[in-house]
Structure formats: structure tokens, C-alpha cells
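Asks: Dropping the structure in here first, questions after.
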Amino acid sequence: MTKKSLQTAIIHSDYVAPQGFGAFPTPIYHASTVLFKDVAAMRNRDWLDKNAYNYGLHGTPTTFTLEARLAQIEGGTHCRLAPSGLAAITLVDFAFLKTGDDVLIPDNVYGSNRVLSNWLSSNFGITSRYYDPMIGAGIAELIQPNTRLIWAEAPGSVSMEVPDIPAICAAAHARGVLVALDNTWAAGLAFKAFDHGVDIVMQALTKYQSGGSDVLMGAVITRDPALAKLVEIAFNNLGLGVGMDDVYLVLRSLSSMKLRFEAHDAAARTVATWLKHRPEITRMLHPAFPDCPGHEIWKRDFTGAAGLFSVLFDKRYTEEQTDRFVDSLKLFKIGFSWGGANSLAVPYRIKGMRKDWHEEGILVRFNIGLEDPEDLIADIEQALGTM
């Protein structure tokens, strides 16, 4: 080959870095184009085969590493990343539902899942029906011949009910229906979904897996190769992808996730125990407390709790007063999502979010971060004084 010009030499450098470099972090592989050694290799490559690489969108060593680690934590065998928790929910719906199908959704579902389901009903001919999250085995009566999927959350993301997942799964499987669980709250640590009968697990990695309130990402995990293939096909057809730097951030945080989760859990129980005895609060909606619907199920099936819980204020307090309480908090900030080091508080107009809600009082959801619980209690106490 003739001597290369400087411009060509800049692009086609002869330098190869020495082998044998070792370090703890997983390398970040940025790529859209993936190279093949020859034409035969390109033509023989199957993008569904995750033992090799085809195109950046389908995965790099960075994404494959995170997917494998998430699957291991959850107890699954196949995982696919998505650009957000909602994207992961969408991936499940498009993988397993088609026009004419029916899907059952808990009435306490994550709000964006409800909006998505209503959109699928209005634009794609997929019937979405909502059920009482505490229905348990009674869900069998709601299953129709065209029911293909049942969504569940454990617990509900705002009102915190803990459903009987094994009973729902048994009823669904007896009729050939799949169960998908939003297991974000337990993060694959405090509830082993597959061991309790779940077919597909969805998680928002935005929460404890990243832990820094700075990453949007989701995951879909399965144990069944046939289900995993349908997820992969939907993933490819939807053109979903994740940024390698974001994947690295989750990988970097994953090693400390269990320790952080346990710290959030302990702090949340300390704060919740104090709040439960305040005269302003009439109900503690924390799965580890008897007030919470499904508490006995939580004791039976879960090994821990998260830093997220809700409370109901006494009905004598108006929305204006509870809003003033939230506005008066100093350490707690106002914002959606959770799982980061900073504590959050959000008031909800729960009656407008639920089909069937009969509880009295304003609901406020707390995310307990990694601050000292005594400082958080003092902050809540001073804010209660403003009501």
C-alpha cells in the first residue's frame, strides 16, 4: 500500500494499545458502527445472538454487562435495557399485546402506565381494564378469552398497597395469561418476582440502581427464552437505545445498591415510626406497617422495604394547609421520582388518579434519602407547625 496522507493516517492509525490493562470499572464502548472481520462474518451475524455484536443499537460490551448483572440480581436470565422506566413498560406492551387483545391493570398503577394504556386503547384497539390491586385470586373472574397480559405493581407507587402476586400469577397461568410486574420499589432485592410466579419484570433503573437522581433508564427481565425473544423483536422494531455514559453511571452505582437500599429502608422506618404517632397523620401507608393494605402479604413475601412511603393527613386539614406543609419543608425537596440521596415530598390529588378511592384526607408521598433521619424528623416537625 502506498504511503498514506496525513489526513488518512490520522483516521487509520497503526497504533494499537498494549493488552493486559486491568481496572475495576467496566469500559465504556461508544459505537453505532460495529466492525466485522469480513463479509461472511457480517452476513452470518444474527442480531438476536447476544454472544456477538451487530450494531450499536443492539448492544455493546457495556450494555451487555449491565444487562447480565441486572438479570442476576433479579433472578432472571435475559435482560434488555430501555431509555426510561416508561420505555420499558412500552416495550413489554408492544412485545406481548396486539390489536384485539385485553390487558388488566391495577387501579394503583404508575400514572404514566395508565396514560399509556389508555392511549393503546384509544389508538391501537387494545382493551385496558383496571382492577382492585388487592383482588388476589379473585382476578380469575376478570380474565376474558382475549386477555393476554396482567400488569401488577408491588407495592403501588403512590398508595402503596401490596398485592398477592403468587395468587394473581396462579390465576393467570391457569388461563394461559402472562403476568408483568413493576418491581421498581423492591429493586430486585427485597422481592424475588420470578420465585413468586411472575413472567416478566420491569424496573425503572432511574431509582436505586443509579441512585444519583441523574439517569433515566429502564429494564425488562425474563427467565423464559421465548419471552425474551419477543422482547428483543419489539426492542428492535421500536428502535430503542440507551447512552453508554448513562449505562456506565448505573454500572458504577450498582455495587453499592444493596447497601444504599438498606440504608434507605432503615431511615424510612425511623421517620415513618415517628410520623405514625403524630396527631396530624391518620394513616401510615408503608408496607412494613400494619396500616398499609397488604401488610401481611409483605411480611410473607418480602425481605425488606424501600425508602418510599405515603401518609394520609387528618381530614380536617385542607389541601391549602398540606401544600403549605410541603412548601415549608427545608431538607425535603419537591420533585417526582425517588431512590436518590436527597429526600423528597409530593402531595397527590389521589381521588383524581384512582377509579375507586374512598379514603379521607390528603395523601403526601415521602422519599427518604440518605440524610440523618433525626434531621429529617426535625424538618417535618417544623413544617407541621406551619399548618
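Chain labels run A, B, ... following the order of the C-alpha cells; each chain numbers its residues from 1, and ligands are numbered from 1 in the order shown.
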Step one, run DSSP on the backbone; step two, keep only residues of stretch 185-289 of chain A assigned to helix (DSSP H, G or I); then write them as an MDAnalysis selection string.

Replies: chainID A and resid 194:196 225:238 244:254 257:276

Asks: Would you write out those residues with C-alpha atoms, as an mmCIF file, in the first residue's frame?

Replies:
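Output contents, as saved in part.cif:
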```cif
data_model
loop_
_atom_site.group_PDB
_atom_site.id
_atom_site.type_symbol
_atom_site.label_atom_id
_atom_site.label_comp_id
_atom_site.auth_asym_id
_atom_site.auth_seq_id
_atom_site.Cartn_x
_atom_site.Cartn_y
_atom_site.Cartn_z
ATOM 1 C CA PHE A 194 -39.739 -14.927 39.428
ATOM 2 C CA ASP A 195 -39.755 -17.118 42.517
ATOM 3 C CA HIS A 196 -43.318 -15.901 43.149
ATOM 4 C CA PRO A 225 -36.058 -17.550 26.233
ATOM 5 C CA ALA A 226 -39.247 -17.440 24.139
ATOM 6 C CA LEU A 227 -40.499 -14.361 26.003
ATOM 7 C CA ALA A 228 -37.055 -12.785 25.811
ATOM 8 C CA LYS A 229 -37.073 -13.176 22.020
ATOM 9 C CA LEU A 230 -40.381 -11.299 21.765
ATOM 10 C CA VAL A 231 -38.915 -8.528 23.908
ATOM 11 C CA GLU A 232 -35.853 -8.349 21.635
ATOM 12 C CA ILE A 233 -38.000 -8.138 18.489
ATOM 13 C CA ALA A 234 -40.114 -5.333 19.960
ATOM 14 C CA PHE A 235 -36.942 -3.566 21.134
ATOM 15 C CA ASN A 236 -35.503 -3.675 17.627
ATOM 16 C CA ASN A 237 -38.720 -2.584 15.912
ATOM 17 C CA LEU A 238 -39.194 0.347 18.293
ATOM 18 C CA MET A 244 -23.217 4.290 27.059
ATOM 19 C CA ASP A 245 -22.297 7.007 29.548
ATOM 20 C CA ASP A 246 -25.631 6.502 31.317
ATOM 21 C CA VAL A 247 -25.074 2.740 31.326
ATOM 22 C CA TYR A 248 -21.679 3.341 32.909
ATOM 23 C CA LEU A 249 -23.238 5.505 35.634
ATOM 24 C CA VAL A 250 -25.644 2.704 36.557
ATOM 25 C CA LEU A 251 -22.839 0.135 36.495
ATOM 26 C CA ARG A 252 -20.751 2.362 38.768
ATOM 27 C CA SER A 253 -23.625 2.678 41.250
ATOM 28 C CA LEU A 254 -24.747 -0.936 41.163
ATOM 29 C CA MET A 257 -27.095 -0.505 45.606
ATOM 30 C CA LYS A 258 -27.828 -3.102 48.279
ATOM 31 C CA LEU A 259 -26.085 -1.055 50.983
ATOM 32 C CA ARG A 260 -27.912 2.109 49.916
ATOM 33 C CA PHE A 261 -31.251 0.286 49.715
ATOM 34 C CA GLU A 262 -30.837 -0.993 53.263
ATOM 35 C CA ALA A 263 -29.888 2.499 54.484
ATOM 36 C CA HIS A 264 -32.977 3.997 52.785
ATOM 37 C CA ASP A 265 -35.112 1.259 54.346
ATOM 38 C CA ALA A 266 -33.808 1.817 57.872
ATOM 39 C CA ALA A 267 -34.128 5.596 57.654
ATOM 40 C CA ALA A 268 -37.637 5.402 56.193
ATOM 41 C CA ARG A 269 -38.833 3.149 59.007
ATOM 42 C CA THR A 270 -37.387 5.554 61.583
ATOM 43 C CA VAL A 271 -39.128 8.554 60.035
ATOM 44 C CA ALA A 272 -42.367 6.632 59.440
ATOM 45 C CA THR A 273 -42.461 5.386 63.043
ATOM 46 C CA TRP A 274 -42.224 8.971 64.286
ATOM 47 C CA LEU A 275 -44.810 10.254 61.792
ATOM 48 C CA LYS A 276 -47.263 7.492 62.601
#
```

Asks: With a distance cut-off of 8 Å and only C-alpha atoms, select the neighbouring residues of A:Cys169, excluding the residue or stretch itself and same-chain residues fewer than 6 positions from it, and output the selection as a list in words.

Replies: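 The filter keeps Leu178, Val179, His196, Gly197 and Val198 of chain A.
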
Asks: Filtering to C-alpha atoms, could you give me those residues as a compact mmCIF listing (two decimals), in the first residue's frame?

Replies:
```txt
# COMPACT_ATOMS: atom_id res chain seq x y z
CA LEU A 178 -48.78 -13.65 31.32
CA VAL A 179 -48.03 -11.51 34.38
CA HIS A 196 -43.32 -15.90 43.15
CA GLY A 197 -44.58 -16.73 39.67
CA VAL A 198 -44.03 -13.54 37.65
```

Asks: What's around A:Glu153 at 7 Å? Count only C-alpha atoms, leave out sequence neighbours fewer than 6 positions away in its own chain, and write the answer as a list of chain:residue names.

Replies: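 Surrounding residues, per the criterion: A:Val109, A:Leu181, A:Asp182, A:Asn183.
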
Asks: Once you have the residues from the selection above, write them out as a JSON list (two decimals), in the first residue's frame, restricted to C-alpha atoms.

Replies:
```
[["chain", "number", "residue", "atom", "x", "y", "z"],
["A", 109, "VAL", "CA", -50.73, 1.72, 38.62],
["A", 181, "LEU", "CA", -44.59, -6.85, 37.41],
["A", 182, "ASP", "CA", -43.26, -3.36, 38.02],
["A", 183, "ASN", "CA", -40.67, -4.34, 40.65]]
```

Asks: Residues of stretch 11-90 of chain A within 9 Å of stretch 185-189 of chain A: nearest atom pair and distance (Å, one decimal) for each, counting only C-alpha atoms, sorted by chain and number, as a Markdown table?

Replies:
```
| residue | atom | partner | partner_atom | distance |
| --- | --- | --- | --- | --- |
| A:Leu70 | CA | A:Gly188 | CA | 8.3 |
| A:Ile73 | CA | A:Gly188 | CA | 6.0 |
| A:Glu74 | CA | A:Gly188 | CA | 4.5 |
| A:Gly75 | CA | A:Gly188 | CA | 7.9 |
```

Asks: Return as a Markdown table the residues of stretch 333-373 of chain A lying at most 7 Å from stretch 306-319 of chain A, together with the closest atom-to-atom pair for each and the distance in Å to one decimal, counting only C-alpha atoms, with rows in chain order and ascending residue number.

Replies:
```
| residue | atom | partner | partner_atom | distance |
| --- | --- | --- | --- | --- |
| A:Glu360 | CA | A:Lys315 | CA | 5.7 |
| A:Gly361 | CA | A:Lys315 | CA | 4.2 |
| A:Ile362 | CA | A:Phe313 | CA | 5.4 |
| A:Leu363 | CA | A:Leu312 | CA | 4.6 |
| A:Val364 | CA | A:Val311 | CA | 5.5 |
| A:Arg365 | CA | A:Ser310 | CA | 4.1 |
| A:Phe366 | CA | A:Phe309 | CA | 5.5 |
| A:Asn367 | CA | A:Leu308 | CA | 4.6 |
| A:Ile368 | CA | A:Gly307 | CA | 5.0 |
| A:Gly369 | CA | A:Gly307 | CA | 7.0 |
```

Asks: Include C-alpha atoms and write out the residues we just selected as a compact mmCIF listing (two decimals), in the first residue's frame.

Replies:
```txt
# COMPACT_ATOMS: atom_id res chain seq x y z
CA GLU A 360 -60.35 10.63 53.58
CA GLY A 361 -57.52 13.12 53.87
CA ILE A 362 -54.75 14.48 51.66
CA LEU A 363 -52.04 12.00 50.63
CA VAL A 364 -48.39 13.02 50.72
CA ARG A 365 -45.66 10.70 49.48
CA PHE A 366 -42.19 10.79 51.02
CA ASN A 367 -38.93 9.53 49.59
CA ILE A 368 -36.46 9.19 52.46
CA GLY A 369 -32.96 9.81 51.20
```
